[in-house]
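Q: Supplied structure: my_file-v1.tsv, TSV, C-alpha atoms.
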chain	number	residue	atom	x	y	z
A	1	MET	CA	5.41	182.56	108.26
A	2	GLN	CA	5.34	184.70	111.37
A	3	THR	CA	4.07	188.26	111.69
A	4	PHE	CA	5.04	191.44	113.52
A	5	GLN	CA	3.69	194.95	113.82
A	6	SER	CA	5.48	197.87	112.18
A	7	ASP	CA	4.05	201.39	112.33
A	8	GLY	CA	0.54	199.94	112.55
A	9	ALA	CA	0.94	197.45	109.68
A	10	THR	CA	1.04	193.66	110.08
A	11	LEU	CA	3.99	192.27	108.15
A	12	ALA	CA	4.91	188.64	107.44
A	13	TYR	CA	8.46	187.37	107.77
A	14	ARG	CA	10.68	184.29	107.93
A	15	ASP	CA	13.83	183.82	109.99
A	16	ILE	CA	15.84	180.90	108.61
A	17	PRO	CA	18.82	179.61	110.62
A	18	ALA	CA	22.15	178.91	108.96
A	19	GLU	CA	23.01	175.37	107.99
A	20	GLY	CA	26.11	173.91	109.61
A	21	VAL	CA	28.34	176.46	111.28
A	22	ASP	CA	26.59	179.80	111.80
A	23	LEU	CA	29.01	182.62	110.97
A	24	GLY	CA	27.11	184.94	113.32
A	25	GLU	CA	26.52	187.36	110.42
A	26	PRO	CA	22.78	187.49	109.67
A	27	ILE	CA	21.56	188.91	106.38
A	28	LEU	CA	18.27	190.73	105.76
A	29	LEU	CA	16.74	190.43	102.27
A	30	ILE	CA	14.32	193.06	100.91
A	31	HIS	CA	12.36	192.19	97.77
A	32	GLY	CA	11.29	194.36	94.86
A	33	PHE	CA	8.02	195.85	93.66
A	34	ALA	CA	5.14	193.43	92.94
A	35	SER	CA	7.29	190.57	94.20
A	36	SER	CA	7.52	188.83	97.59
A	37	HIS	CA	10.10	187.13	99.74
A	38	ARG	CA	9.28	183.85	98.01
A	39	ILE	CA	9.43	185.10	94.44
A	40	ASN	CA	12.57	187.21	94.90
A	41	TRP	CA	14.61	185.13	97.29
A	42	VAL	CA	13.25	181.61	97.84
A	43	ASP	CA	12.33	180.45	94.33
A	44	PRO	CA	15.65	181.68	92.80
A	45	ARG	CA	17.41	179.81	95.63
A	46	TRP	CA	19.00	182.84	97.20
A	47	ALA	CA	17.85	181.78	100.66
A	48	ALA	CA	19.22	178.27	100.15
A	49	THR	CA	22.54	179.68	98.92
A	50	LEU	CA	22.95	181.97	101.91
A	51	ILE	CA	21.98	179.52	104.64
A	52	LYS	CA	24.34	176.92	103.14
A	53	ALA	CA	27.06	179.56	103.35
A	54	GLY	CA	26.48	179.76	107.12
A	55	ARG	CA	24.33	182.88	107.17
A	56	ARG	CA	21.12	183.28	109.15
A	57	THR	CA	18.71	184.65	106.55
A	58	ILE	CA	15.83	186.98	107.39
A	59	LEU	CA	13.16	187.60	104.76
A	60	PHE	CA	9.89	189.52	104.82
A	61	ASP	CA	7.08	190.66	102.57
A	62	ASN	CA	7.01	194.42	102.18
A	63	ARG	CA	3.78	196.18	103.13
A	64	GLY	CA	1.26	195.76	100.33
A	65	HIS	CA	2.97	192.61	99.07
A	66	GLY	CA	2.84	188.86	99.58
A	67	GLN	CA	1.31	187.88	102.91
A	68	SER	CA	1.75	191.30	104.53
A	69	GLU	CA	-1.06	193.78	105.13
A	70	LYS	CA	-2.40	195.66	102.11
A	71	LEU	CA	-2.62	199.43	102.48
A	72	TYR	CA	-4.14	201.88	100.01
A	73	ASP	CA	-2.77	205.28	101.02
A	74	PRO	CA	0.31	206.17	98.91
A	75	GLU	CA	1.88	207.91	101.92
A	76	ALA	CA	2.03	204.54	103.68
A	77	TYR	CA	4.60	203.45	101.09
A	78	ALA	CA	7.11	206.29	101.39
A	79	THR	CA	10.59	204.78	101.22
A	80	PRO	CA	11.61	206.00	104.71
A	81	VAL	CA	8.49	204.29	106.11
A	82	MET	CA	9.41	201.03	104.40
A	83	ALA	CA	12.99	201.36	105.64
A	84	ARG	CA	11.58	201.61	109.17
A	85	ASP	CA	9.77	198.32	108.55
A	86	ALA	CA	13.14	196.69	107.93
A	87	ALA	CA	14.64	198.28	111.05
A	88	ASN	CA	11.61	197.26	113.11
A	89	LEU	CA	11.96	193.66	111.97
A	90	LEU	CA	15.59	193.56	113.08
A	91	ALA	CA	14.53	194.99	116.43
A	92	GLU	CA	11.73	192.40	116.70
A	93	LEU	CA	14.31	189.65	116.26
A	94	GLY	CA	16.93	191.21	118.50
A	95	VAL	CA	19.39	191.57	115.63
A	96	ARG	CA	21.68	194.50	116.34
A	97	ARG	CA	23.54	194.46	113.02
A	98	ALA	CA	23.03	192.70	109.70
A	99	ASP	CA	24.19	192.60	106.13
A	100	VAL	CA	21.36	193.94	103.97
A	101	MET	CA	20.56	193.02	100.38
A	102	GLY	CA	17.70	194.51	98.40
A	103	TYR	CA	16.58	194.16	94.82
A	104	SER	CA	15.15	197.08	92.80
A	105	MET	CA	12.64	198.80	95.12
A	106	GLY	CA	14.12	196.69	97.91
A	107	ALA	CA	17.56	198.09	97.12
A	108	ARG	CA	16.18	201.62	97.40
A	109	ILE	CA	14.71	200.69	100.80
A	110	GLY	CA	18.06	199.21	101.84
A	111	ALA	CA	19.92	202.38	100.86
A	112	PHE	CA	17.54	204.53	102.91
A	113	LEU	CA	18.01	202.14	105.84
A	114	ALA	CA	21.80	202.35	105.58
A	115	LEU	CA	21.65	206.15	105.51
A	116	GLU	CA	19.17	206.58	108.34
A	117	ARG	CA	20.25	203.70	110.60
A	118	PRO	CA	23.91	203.06	109.78
A	119	GLU	CA	24.50	201.22	113.03
A	120	LEU	CA	22.20	198.42	111.81
A	121	VAL	CA	23.85	197.81	108.44
A	122	ARG	CA	27.15	195.92	108.31
A	123	SER	CA	27.20	195.97	104.51
A	124	LEU	CA	24.81	196.77	101.68
A	125	ALA	CA	24.21	194.86	98.46
A	126	LEU	CA	22.09	196.78	95.96
A	127	GLY	CA	20.71	194.55	93.21
A	128	GLY	CA	18.84	195.90	90.21
A	129	LEU	CA	19.41	199.54	91.21
A	130	GLY	CA	22.22	201.76	90.00
A	131	ALA	CA	22.32	205.49	89.32
A	132	HIS	CA	18.52	205.73	89.43
A	133	LEU	CA	18.79	205.74	93.21
A	134	VAL	CA	19.86	209.35	92.64
A	135	ASP	CA	18.51	210.44	89.27
A	136	GLY	CA	15.31	208.40	89.05
A	137	VAL	CA	12.29	207.73	91.21
A	138	GLY	CA	11.84	204.05	90.50
A	139	LEU	CA	9.34	202.69	88.02
A	140	PRO	CA	7.30	205.08	85.85
A	141	LEU	CA	4.01	206.32	87.28
A	142	GLY	CA	2.37	204.57	84.35
A	143	ILE	CA	2.91	201.30	86.19
A	144	ALA	CA	0.30	202.48	88.72
A	145	ASP	CA	-2.08	203.11	85.83
A	146	ALA	CA	-1.33	199.60	84.57
A	147	MET	CA	-2.37	198.15	87.93
A	148	GLU	CA	-5.68	199.99	87.67
A	149	ALA	CA	-6.42	199.01	84.06
A	150	PRO	CA	-9.46	196.72	83.64
A	151	SER	CA	-7.26	193.93	82.27
A	152	LEU	CA	-3.91	193.16	80.69
A	153	ASP	CA	-5.57	193.28	77.28
A	154	ALA	CA	-6.29	196.99	77.78
A	155	LEU	CA	-2.57	197.79	77.86
A	156	THR	CA	-0.20	198.28	74.92
A	157	ASP	CA	2.97	199.71	76.52
A	158	PRO	CA	5.51	196.85	76.93
A	159	MET	CA	6.66	197.85	80.42
A	160	GLN	CA	3.11	198.33	81.65
A	161	ARG	CA	2.16	194.94	80.25
A	162	MET	CA	5.22	193.26	81.81
A	163	PHE	CA	4.48	194.50	85.33
A	164	ARG	CA	0.72	193.95	85.09
A	165	ALA	CA	1.26	190.39	83.85
A	166	PHE	CA	3.72	189.80	86.71
A	167	ALA	CA	1.24	191.16	89.25
A	168	ASP	CA	-1.61	189.10	87.81
A	169	GLN	CA	0.51	185.96	87.81
A	170	ASN	CA	1.27	186.45	91.50
A	171	ARG	CA	-2.37	187.29	92.35
A	172	SER	CA	-1.26	190.59	93.83
A	173	ASP	CA	-3.53	193.24	95.29
A	174	LEU	CA	-3.46	195.65	92.34
A	175	ARG	CA	-4.84	198.63	94.26
A	176	ALA	CA	-2.14	198.27	96.91
A	177	LEU	CA	0.55	198.08	94.23
A	178	ALA	CA	-0.75	201.22	92.55
A	179	ALA	CA	-0.54	203.04	95.90
A	180	CYS	CA	2.98	201.70	96.40
A	181	ILE	CA	4.19	203.04	93.05
A	182	ARG	CA	2.71	206.45	93.80
A	183	GLY	CA	4.11	206.64	97.33
A	184	SER	CA	7.63	205.19	97.08
A	185	ARG	CA	9.17	207.72	94.70
A	186	GLN	CA	11.97	209.12	96.83
A	187	THR	CA	15.61	209.52	95.79
A	188	LEU	CA	18.87	210.20	97.59
A	189	SER	CA	21.15	213.06	96.67
A	190	PRO	CA	24.80	212.38	95.75
A	191	ASN	CA	25.79	213.88	99.11
A	192	GLU	CA	23.45	211.51	100.94
A	193	VAL	CA	24.82	208.53	99.03
A	194	GLY	CA	28.26	209.72	100.07
A	195	GLU	CA	27.21	209.39	103.70
A	196	ILE	CA	26.63	205.62	103.32
A	197	LYS	CA	29.99	204.50	104.67
A	198	CYS	CA	29.49	200.73	104.95
A	199	PRO	CA	30.92	198.41	102.28
A	200	ALA	CA	28.49	198.39	99.36
A	201	LEU	CA	28.09	196.31	96.22
A	202	VAL	CA	26.01	197.53	93.26
A	203	ALA	CA	24.93	194.62	91.03
A	204	VAL	CA	23.05	195.34	87.80
A	205	GLY	CA	22.41	193.31	84.67
A	206	THR	CA	24.16	194.61	81.58
A	207	ALA	CA	20.83	194.50	79.69
A	208	ASP	CA	18.88	196.21	82.51
A	209	THR	CA	17.11	199.33	81.23
A	210	VAL	CA	15.36	200.05	84.54
A	211	ALA	CA	18.13	200.33	87.16
A	212	GLY	CA	20.55	202.96	85.91
A	213	ASP	CA	24.32	202.50	85.69
A	214	ALA	CA	25.94	200.42	88.44
A	215	HIS	CA	29.39	201.98	88.12
A	216	THR	CA	28.05	205.52	88.44
A	217	LEU	CA	26.36	204.71	91.75
A	218	ALA	CA	29.31	202.65	93.03
A	219	ALA	CA	31.60	205.64	92.44
A	220	MET	CA	29.39	207.79	94.69
A	221	LEU	CA	29.63	205.33	97.57
A	222	PRO	CA	32.73	205.76	99.79
A	223	ASN	CA	33.24	201.98	99.91
A	224	GLY	CA	31.35	201.00	96.78
A	225	ALA	CA	32.07	198.42	94.08
A	226	ALA	CA	30.13	197.52	90.94
A	227	LEU	CA	29.21	194.06	89.67
A	228	ASP	CA	28.05	193.61	86.08
A	229	ILE	CA	25.65	190.69	85.57
A	230	PRO	CA	26.34	189.77	81.94
A	231	GLY	CA	23.45	189.69	79.49
A	232	ARG	CA	20.70	189.91	82.10
A	233	ASP	CA	17.79	192.34	82.10
A	234	HIS	CA	16.01	193.66	85.19
A	235	ASN	CA	13.91	190.55	85.81
A	236	ARG	CA	16.33	187.84	84.74
A	237	ALA	CA	19.28	189.10	86.80
A	238	VAL	CA	17.69	188.15	90.11
A	239	GLY	CA	18.69	184.48	90.20
A	240	ASP	CA	21.85	184.73	88.10
A	241	ARG	CA	24.87	182.70	89.17
A	242	VAL	CA	27.28	185.61	88.64
A	243	TYR	CA	25.13	187.72	90.97
A	244	LYS	CA	25.12	185.02	93.66
A	245	GLN	CA	28.85	184.37	93.40
A	246	GLY	CA	29.59	188.09	93.47
A	247	VAL	CA	27.54	188.68	96.60
A	248	LEU	CA	29.08	185.70	98.42
A	249	ALA	CA	32.56	186.96	97.56
A	250	PHE	CA	31.63	190.46	98.68
A	251	LEU	CA	30.31	189.20	102.02
A	252	ALA	CA	33.40	187.09	102.59
A	253	ALA	CA	35.76	189.99	101.84
A	254	ARG	CA	34.10	192.89	103.68
A	255	PRO	CA	35.31	193.67	107.23
Transcribe the structure of this file into structure tokens.

A:
Amino acid sequence: MQTFQSDGATLAYRDIPAEGVDLGEPILLIHGFASSHRINWVDPRWAATLIKAGRRTILFDNRGHGQSEKLYDPEAYATPVMARDAANLLAELGVRRADVMGYSMGARIGAFLALERPELVRSLALGGLGAHLVDGVGLPLGIADAMEAPSLDALTDPMQRMFRAFADQNRSDLRALAACIRGSRQTLSPNEVGEIKCPALVAVGTADTVAGDAHTLAAMLPNGAALDIPGRDHNRAVGDRVYKQGVLAFLAARP
């Protein structure tokens, strides 16, 4: 992986060229909380799917995650700050416009990017995030407490246990993740969502209890559409075939 500087933080990224004919339509992928570019996009074969479809694929580890720098001040994880990281990476690579896809926290970052820097975002695919972009602030604050618990065995709440086990499995920096949860709790208003004019797809698993309703958010977006991922919860929707096929069709159809 390569690195670049963004607002004083060193972030790791990959820039993977398209296979075969390059459509000239790069896509930027933004992963979710406690994940990484590898876990969210490489292992579920999203990157392979996109480059085979002729799309230059840009991936990075959010601050506090993966191979990027770990920070411990919650303010360093404010969603607008993390959206600037995405914009700064595009600038580093000389990419003037890209499709953007984020999952969960990454979708929230992508929405802030599309609102604040619309000239950079050709289209927006929001995975694992529906109406809670507006009426929720992401994962419960208790997830931060779970990161600071002495061990998984000290936790009884199912959601806390799920995220702590995920973080432990990935050998994450738990203190950085706790700061991230506490700092990245920003929402957009319905009026702000209405200012996101680019084509947008909202893809949520039908068994997802974390994201909020996809159709509610899609209806707020001027050029929004919803995609139901049948039978998938928040974690298992990421690599689903329906999700991949839906995003490829969306990218092929948008202007």

Q: Using all atoms listed in the file, find the one residue out of A:Leu90, A:Val134, A:Ala211, A:Ala125 that sits nearest to A:Phe4.

A: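 Of A:Leu90, A:Val134, A:Ala211, A:Ala125, the one nearest A:Phe4 is A:Leu90, counting all atoms listed in the file.
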
Q: Atom CA of A:His31 and atom CA of A:Val137, how far apart in Å?

A: 16.9 Å

Q: Residues at most 9 Å from A:Gln186, counting only C-alpha atoms, excluding those fewer than 4 positions away in the same chain, as a list in words?

A: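 Counting only the stated atoms, we get Ala78, Thr79, Pro80, Arg108, Leu133, Val134, Gly136, Val137 and Gly138 of chain A.
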
Q: Restrict the calculation to only C-alpha atoms, then for each residue of stretch 91-160 of chain A with any atom at most 10 Å from an atom of stretch 10-28 of chain A give the closest atom pair and their distance in Å to one decimal, rows by chain and rising residue number, as CSV.

A:
residue,atom,partner,partner_atom,distance
A:Leu93,CA,A:Asp15,CA,8.6
A:Val95,CA,A:Pro26,CA,8.0
A:Arg96,CA,A:Pro26,CA,9.7
A:Arg97,CA,A:Pro26,CA,7.8
A:Ala98,CA,A:Pro26,CA,5.2
A:Asp99,CA,A:Ile27,CA,4.5
A:Val100,CA,A:Leu28,CA,4.8
A:Met101,CA,A:Leu28,CA,6.3
A:Gly102,CA,A:Leu28,CA,8.3
A:Gly110,CA,A:Leu28,CA,9.3
A:Val121,CA,A:Leu28,CA,9.4
A:Arg122,CA,A:Glu25,CA,8.8
A:Ser123,CA,A:Ile27,CA,9.2
A:Leu124,CA,A:Ile27,CA,9.7

Q: So, with only C-alpha atoms as the atoms that count, which of A:Cys198, A:Leu50, A:Ala76, A:Ile229 lies closest to A:Glu119?

A: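 Of A:Cys198, A:Leu50, A:Ala76, A:Ile229, the one nearest A:Glu119, counting only C-alpha atoms, is A:Cys198.
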
Q: Could you give me, as a PyMOL selection string, the residues within 9 Å of A:Ala167, counting all atoms listed in the file and dropping anything in the same chain fewer than 3 positions from it?

A: chain A and resi 34-35+147+162-164+170-174+177

Q: Just checking: using only C-alpha atoms, which residue out of A:Leu126, A:Ala178, A:Leu155, A:Met220 ends up closest to A:Gly205?

A: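 Looking only at the distances to A:Gly205, the closest residue turns out to be A:Leu126.
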
Q: What does the distance between atom CA of A:Asp233 and atom CA of A:Asp145 come to in Å, to one decimal place?

A: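 Atom CA of A:Asp233 sits 22.9 Å away from atom CA of A:Asp145.
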
Q: Could you pull stretch 61-174 of chain A out of the block above and give me C-alpha atoms, as a compact mmCIF listing (two decimals), in the first residue's frame?

A:
# COMPACT_ATOMS: atom_id res chain seq x y z
CA ASP A 61 -8.13 2.75 5.21
CA ASN A 62 -9.99 5.40 7.16
CA ARG A 63 -8.05 7.19 9.90
CA GLY A 64 -7.87 4.95 12.96
CA HIS A 65 -8.36 1.81 10.88
CA GLY A 66 -6.30 -0.76 9.02
CA GLN A 67 -2.85 0.51 8.09
CA SER A 68 -3.69 4.19 8.51
CA GLU A 69 -2.57 6.33 11.44
CA LYS A 70 -4.33 5.81 14.77
CA LEU A 71 -5.63 8.94 16.46
CA TYR A 72 -7.19 9.19 19.91
CA ASP A 73 -9.01 12.53 19.93
CA PRO A 74 -12.71 12.06 19.08
CA GLU A 75 -12.73 15.39 17.22
CA ALA A 76 -10.28 13.90 14.72
CA TYR A 77 -13.06 11.56 13.58
CA ALA A 78 -15.80 14.08 12.85
CA THR A 79 -17.55 13.00 9.66
CA PRO A 80 -16.67 16.20 7.74
CA VAL A 81 -13.00 15.59 8.60
CA MET A 82 -13.19 12.04 7.28
CA ALA A 83 -14.97 13.28 4.16
CA ARG A 84 -12.02 15.63 3.59
CA ASP A 85 -9.73 12.59 3.75
CA ALA A 86 -11.63 11.13 0.81
CA ALA A 87 -11.45 14.41 -1.12
CA ASN A 88 -7.75 14.76 -0.34
CA LEU A 89 -7.06 11.28 -1.67
CA LEU A 90 -8.76 12.10 -4.96
CA ALA A 91 -6.69 15.26 -5.16
CA GLU A 92 -3.51 13.28 -4.38
CA LEU A 93 -4.27 11.01 -7.33
CA GLY A 94 -5.35 13.78 -9.68
CA VAL A 95 -8.88 12.37 -9.94
CA ARG A 96 -11.27 15.22 -10.67
CA ARG A 97 -14.49 13.18 -10.44
CA ALA A 98 -15.36 9.69 -9.24
CA ASP A 99 -18.23 7.42 -8.40
CA VAL A 100 -18.24 6.94 -4.63
CA MET A 101 -19.46 3.91 -2.69
CA GLY A 102 -19.40 3.66 1.08
CA TYR A 103 -20.65 1.07 3.52
CA SER A 104 -22.21 1.96 6.90
CA MET A 105 -19.91 4.63 8.41
CA GLY A 106 -18.28 4.84 4.98
CA ALA A 107 -21.67 5.61 3.44
CA ARG A 108 -22.15 8.44 5.94
CA ILE A 109 -18.73 9.79 4.94
CA GLY A 110 -19.67 9.48 1.27
CA ALA A 111 -22.90 11.42 1.79
CA PHE A 112 -21.04 14.25 3.54
CA LEU A 113 -18.53 14.28 0.67
CA ALA A 114 -21.30 14.48 -1.94
CA LEU A 115 -22.94 17.36 -0.06
CA GLU A 116 -19.77 19.35 0.59
CA ARG A 117 -17.86 18.61 -2.62
CA PRO A 118 -20.51 17.80 -5.24
CA GLU A 119 -18.12 18.46 -8.10
CA LEU A 120 -16.09 15.41 -7.06
CA VAL A 121 -18.94 12.90 -6.92
CA ARG A 122 -20.36 11.53 -10.16
CA SER A 123 -22.70 9.17 -8.32
CA LEU A 124 -23.17 7.87 -4.79
CA ALA A 125 -23.85 4.32 -3.63
CA LEU A 126 -24.80 4.11 0.04
CA GLY A 127 -24.54 0.57 1.40
CA GLY A 128 -25.70 -0.38 4.88
CA LEU A 129 -27.09 3.09 5.61
CA GLY A 130 -30.67 4.20 5.12
CA ALA A 131 -32.81 6.65 7.07
CA HIS A 132 -30.32 6.70 9.95
CA LEU A 133 -28.23 9.11 7.91
CA VAL A 134 -30.89 11.60 9.02
CA ASP A 135 -32.50 10.24 12.17
CA GLY A 136 -29.60 8.36 13.73
CA VAL A 137 -26.00 9.03 14.63
CA GLY A 138 -24.49 5.72 13.64
CA LEU A 139 -23.71 2.97 16.10
CA PRO A 140 -24.72 3.33 19.77
CA LEU A 141 -22.22 5.01 22.09
CA GLY A 142 -22.12 1.72 23.95
CA ILE A 143 -19.91 0.38 21.17
CA ALA A 144 -17.19 2.75 22.40
CA ASP A 145 -17.62 1.29 25.88
CA ALA A 146 -17.31 -2.18 24.35
CA MET A 147 -13.96 -1.23 22.82
CA GLU A 148 -12.73 -0.16 26.24
CA ALA A 149 -13.98 -3.24 28.12
CA PRO A 150 -11.19 -5.43 29.55
CA SER A 151 -12.23 -8.34 27.32
CA LEU A 152 -15.06 -9.76 25.25
CA ASP A 153 -16.06 -11.90 28.22
CA ALA A 154 -16.92 -8.76 30.18
CA LEU A 155 -19.72 -7.89 27.73
CA THR A 156 -23.27 -9.24 27.63
CA ASP A 157 -25.05 -6.95 25.13
CA PRO A 158 -25.22 -8.77 21.75
CA MET A 159 -24.34 -5.72 19.63
CA GLN A 160 -21.45 -4.77 21.89
CA ARG A 161 -20.15 -8.33 21.75
CA MET A 162 -20.50 -8.47 17.95
CA PHE A 163 -18.45 -5.33 17.33
CA ARG A 164 -15.85 -6.11 20.00
CA ALA A 165 -15.37 -9.61 18.59
CA PHE A 166 -15.03 -8.13 15.09
CA ALA A 167 -12.46 -5.60 16.31
CA ASP A 168 -10.51 -8.26 18.21
CA GLN A 169 -10.52 -10.58 15.21
CA ASN A 170 -9.03 -7.82 13.06
CA ARG A 171 -6.48 -6.83 15.74
CA SER A 172 -7.80 -3.28 15.67
CA ASP A 173 -6.59 -0.44 17.85
CA LEU A 174 -9.47 -0.43 20.34
